[in-house]
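**Student:** Before I ask anything, here is the structure I am working with.
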Amino acid sequence: NKFAILTGVATQFLIMPLLGYLSILVLSDHGLTEPMGISLLIVTASPGGSYSNWWCSMFNADLALSVTMTAISTMVSSIMLPANLLLYVNAAFGASSGSDESIINHLDWPSLFISLAIVILAIGLGLFASFKVSSHRFNRFANRMGSMSGILLVIFSGVLSSLSGDKQAQIWGQPWSFYIGVSAPCLVGLFIATCAGVCARLKRPEVVSVGVECCYQNVGIATSAAVAMFDNPSERGQALLVPLFYGLMEAVVLGLY
């Protein structure tokens, strides 16, 4: 369904970055720090995560649509991710305090594009392997390796953020604005995407796939960007908290959904 794909891609790259920007705009004066804000913009501007396909298979949603949207959003993100970051980082932060240099200059573009290239390569290799290898044993092995990689990414983010030793970089010691600001794009994005799918008269499995693909982001891109961008351990820890907590939230929210 081309219209379902268009609906999903539109909510992914138009609605989600806007929701991230609005969270920063409302909560930046209530404890949401600059590293957290930049990391949140990267998360909301990123393409869909590969685990969205697993969620769609669990929900008996349109799995083919989910895989197609993940692949397309990843390709489109090579243009839309930097475009959204240029727009919303400048809109949210402008010039850095005490300097005329824009914060956009501190973004590590090579690490972002390398992360995107790795994701695109992984999707391509996965599709090629699925086409060439007709083995249930291989499929089980590939799924286990993917699950293990996802768990290790969560552990890596948690350990690295805790190594700073700063209370501001501890996930459970944050002000209320952090939890609301990071959770809101996921919750509101899921609601808007679901409503858009219903209004577009998509089939129910397609509506679920569109909703999942919209709110389930590739937090690995934001994690790699946070590690590369910030030299200060405290700022790096704060930036890493965003993809870590967003990843936990999207799992809980989709489980309830």
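Residue numbering restarts at 1 in every chain; chains get A, B, ... in the order shown in the structure tokens, and ligands count up from 1 in that same order.
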Could you write out, as a PyMOL selection string, all the residues of range 18-242 of chain A that DSSP marks as alpha helix (DSSP H)?
**Tutor:** chain A and resi 18-27+34-45+51-58+63-93+109-132+136-162+176-199+204-215+219-229+233-242
**Student:** May I have the residues within 10 Å of Ala196 in chain A as a PyMOL selection string, using only C-alpha atoms and disregarding those fewer than 2 positions away in the same chain?
**Tutor:** chain A and resi 4+7-8+11+190-194+198-202+207+210-211
**Student:** Just N, CA and C atoms for this one: save the residues we selected as a PDB file, in the first residue's frame.
**Tutor:**
ATOM      1  N   ALA A   4      -0.008   3.898   2.560  1.00  0.00           N
ATOM      2  CA  ALA A   4       0.408   3.563   3.921  1.00  0.00           C
ATOM      3  C   ALA A   4       1.882   3.902   4.123  1.00  0.00           C
ATOM      4  N   THR A   7       2.204   7.681   4.375  1.00  0.00           N
ATOM      5  CA  THR A   7       1.735   8.143   5.683  1.00  0.00           C
ATOM      6  C   THR A   7       2.791   7.901   6.748  1.00  0.00           C
ATOM      7  N   GLY A   8       3.385   6.719   6.727  1.00  0.00           N
ATOM      8  CA  GLY A   8       4.403   6.388   7.723  1.00  0.00           C
ATOM      9  C   GLY A   8       5.650   7.244   7.600  1.00  0.00           C
ATOM     10  N   THR A  11       4.904  10.896   8.805  1.00  0.00           N
ATOM     11  CA  THR A  11       4.876  11.041  10.269  1.00  0.00           C
ATOM     12  C   THR A  11       6.270  10.866  10.861  1.00  0.00           C
ATOM     13  N   LEU A 190       3.112   8.264  18.464  1.00  0.00           N
ATOM     14  CA  LEU A 190       2.326   7.038  18.285  1.00  0.00           C
ATOM     15  C   LEU A 190       0.847   7.370  18.129  1.00  0.00           C
ATOM     16  N   PHE A 191       0.361   8.301  18.946  1.00  0.00           N
ATOM     17  CA  PHE A 191      -1.049   8.696  18.879  1.00  0.00           C
ATOM     18  C   PHE A 191      -1.379   9.348  17.534  1.00  0.00           C
ATOM     19  N   ILE A 192      -0.533  10.291  17.104  1.00  0.00           N
ATOM     20  CA  ILE A 192      -0.787  10.995  15.845  1.00  0.00           C
ATOM     21  C   ILE A 192      -0.720  10.036  14.653  1.00  0.00           C
ATOM     22  N   ALA A 193       0.280   9.148  14.646  1.00  0.00           N
ATOM     23  CA  ALA A 193       0.426   8.206  13.534  1.00  0.00           C
ATOM     24  C   ALA A 193      -0.755   7.249  13.472  1.00  0.00           C
ATOM     25  N   THR A 194      -1.232   6.806  14.628  1.00  0.00           N
ATOM     26  CA  THR A 194      -2.388   5.908  14.656  1.00  0.00           C
ATOM     27  C   THR A 194      -3.631   6.627  14.143  1.00  0.00           C
ATOM     28  N   VAL A 198      -5.873   5.754  10.794  1.00  0.00           N
ATOM     29  CA  VAL A 198      -7.328   5.534  10.850  1.00  0.00           C
ATOM     30  C   VAL A 198      -8.040   6.499   9.908  1.00  0.00           C
ATOM     31  N   CYS A 199      -7.638   7.771   9.940  1.00  0.00           N
ATOM     32  CA  CYS A 199      -8.264   8.769   9.061  1.00  0.00           C
ATOM     33  C   CYS A 199      -8.017   8.460   7.589  1.00  0.00           C
ATOM     34  N   ALA A 200      -6.869   7.839   7.297  1.00  0.00           N
ATOM     35  CA  ALA A 200      -6.552   7.468   5.913  1.00  0.00           C
ATOM     36  C   ALA A 200      -7.230   6.167   5.493  1.00  0.00           C
ATOM     37  N   ARG A 201      -8.014   5.581   6.412  1.00  0.00           N
ATOM     38  CA  ARG A 201      -8.764   4.356   6.163  1.00  0.00           C
ATOM     39  C   ARG A 201      -7.854   3.188   5.782  1.00  0.00           C
ATOM     40  N   LEU A 202      -6.712   3.125   6.450  1.00  0.00           N
ATOM     41  CA  LEU A 202      -5.831   1.980   6.254  1.00  0.00           C
ATOM     42  C   LEU A 202      -6.416   0.769   6.984  1.00  0.00           C
ATOM     43  N   VAL A 207      -2.414   0.154  10.081  1.00  0.00           N
ATOM     44  CA  VAL A 207      -2.439   1.234  11.069  1.00  0.00           C
ATOM     45  C   VAL A 207      -1.436   0.954  12.183  1.00  0.00           C
ATOM     46  N   VAL A 210       2.150   1.481  10.866  1.00  0.00           N
ATOM     47  CA  VAL A 210       2.468   2.908  10.738  1.00  0.00           C
ATOM     48  C   VAL A 210       2.748   3.518  12.100  1.00  0.00           C
ATOM     49  N   GLY A 211       1.924   3.176  13.105  1.00  0.00           N
ATOM     50  CA  GLY A 211       2.127   3.702  14.451  1.00  0.00           C
ATOM     51  C   GLY A 211       3.453   3.262  15.046  1.00  0.00           C
TER      52      GLY A 211
END
**Student:** From the set A:Ser50, A:Asn90, A:Ser135, A:Ser183, which residue has the shortest atom-to-atom contact distance to Ile120 in chain A, counting only C-alpha atoms?
**Tutor:**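 Checking each candidate against Ile120 in chain A, we get A:Ser50 as the closest.
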**Student:** Distance table requested - range 27-132 of chain A against range 139-149 of chain A, cut-off 10 Å, only C-alpha atoms: one row per qualifying residue with the closest atom pair and its distance in Å to one decimal, ordered by chain and rising residue number, as a Markdown table.
**Tutor:**
| residue | atom | partner | partner_atom | distance |
| --- | --- | --- | --- | --- |
| A:Ser50 | CA | A:Gly146 | CA | 9.1 |
| A:Tyr51 | CA | A:Ser147 | CA | 8.6 |
| A:Trp54 | CA | A:Asn143 | CA | 9.5 |
| A:Gly126 | CA | A:Ala142 | CA | 8.9 |
| A:Ala129 | CA | A:Asn139 | CA | 9.3 |
| A:Ser130 | CA | A:Asn139 | CA | 7.9 |
**Student:** For C-alpha atoms, I'd like the residues from the last selection saved as an mmCIF file, in the first residue's frame.
**Tutor:**
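Generated output (part.cif):
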data_model
loop_
_atom_site.group_PDB
_atom_site.id
_atom_site.type_symbol
_atom_site.label_atom_id
_atom_site.label_comp_id
_atom_site.auth_asym_id
_atom_site.auth_seq_id
_atom_site.Cartn_x
_atom_site.Cartn_y
_atom_site.Cartn_z
ATOM 1 C CA SER A 50 14.944 -2.542 13.234
ATOM 2 C CA TYR A 51 13.179 -3.860 16.340
ATOM 3 C CA TRP A 54 9.879 -7.582 15.622
ATOM 4 C CA GLY A 126 19.848 -8.895 5.773
ATOM 5 C CA ALA A 129 20.775 -13.189 3.152
ATOM 6 C CA SER A 130 17.019 -13.774 3.477
#
**Student:** Choose the residue, out of A:Ala45, A:Met69, A:Val89, A:Leu248, that has the smallest atom-to-atom separation from Ile24 in chain A; count only C-alpha atoms.
**Tutor:**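 Counting only C-alpha atoms, the residue closest to Ile24 in chain A is A:Val89.
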**Student:** Which residues come within 10 Å of Pro35 in chain A, counting only C-alpha atoms, excluding same-chain residues fewer than 5 positions away, as number ranges by chain?
**Tutor:** A: 40, 226, 229-230, 234-242
**Student:** Can you pull out the residues contacting Ala61 in chain A? Cut-off 10 Å, using only C-alpha atoms, and skip same-chain residues under 6 positions away; I want them as a PyMOL selection string.
**Tutor:** chain A and resi 53+55+203-210+212
**Student:** So how many Å separate CA of Thr223 in chain A and CA of Tyr257 in chain A, to one decimal?
**Tutor:**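 For CA of Thr223 in chain A relative to CA of Tyr257 in chain A, the distance reads 25.3 Å.
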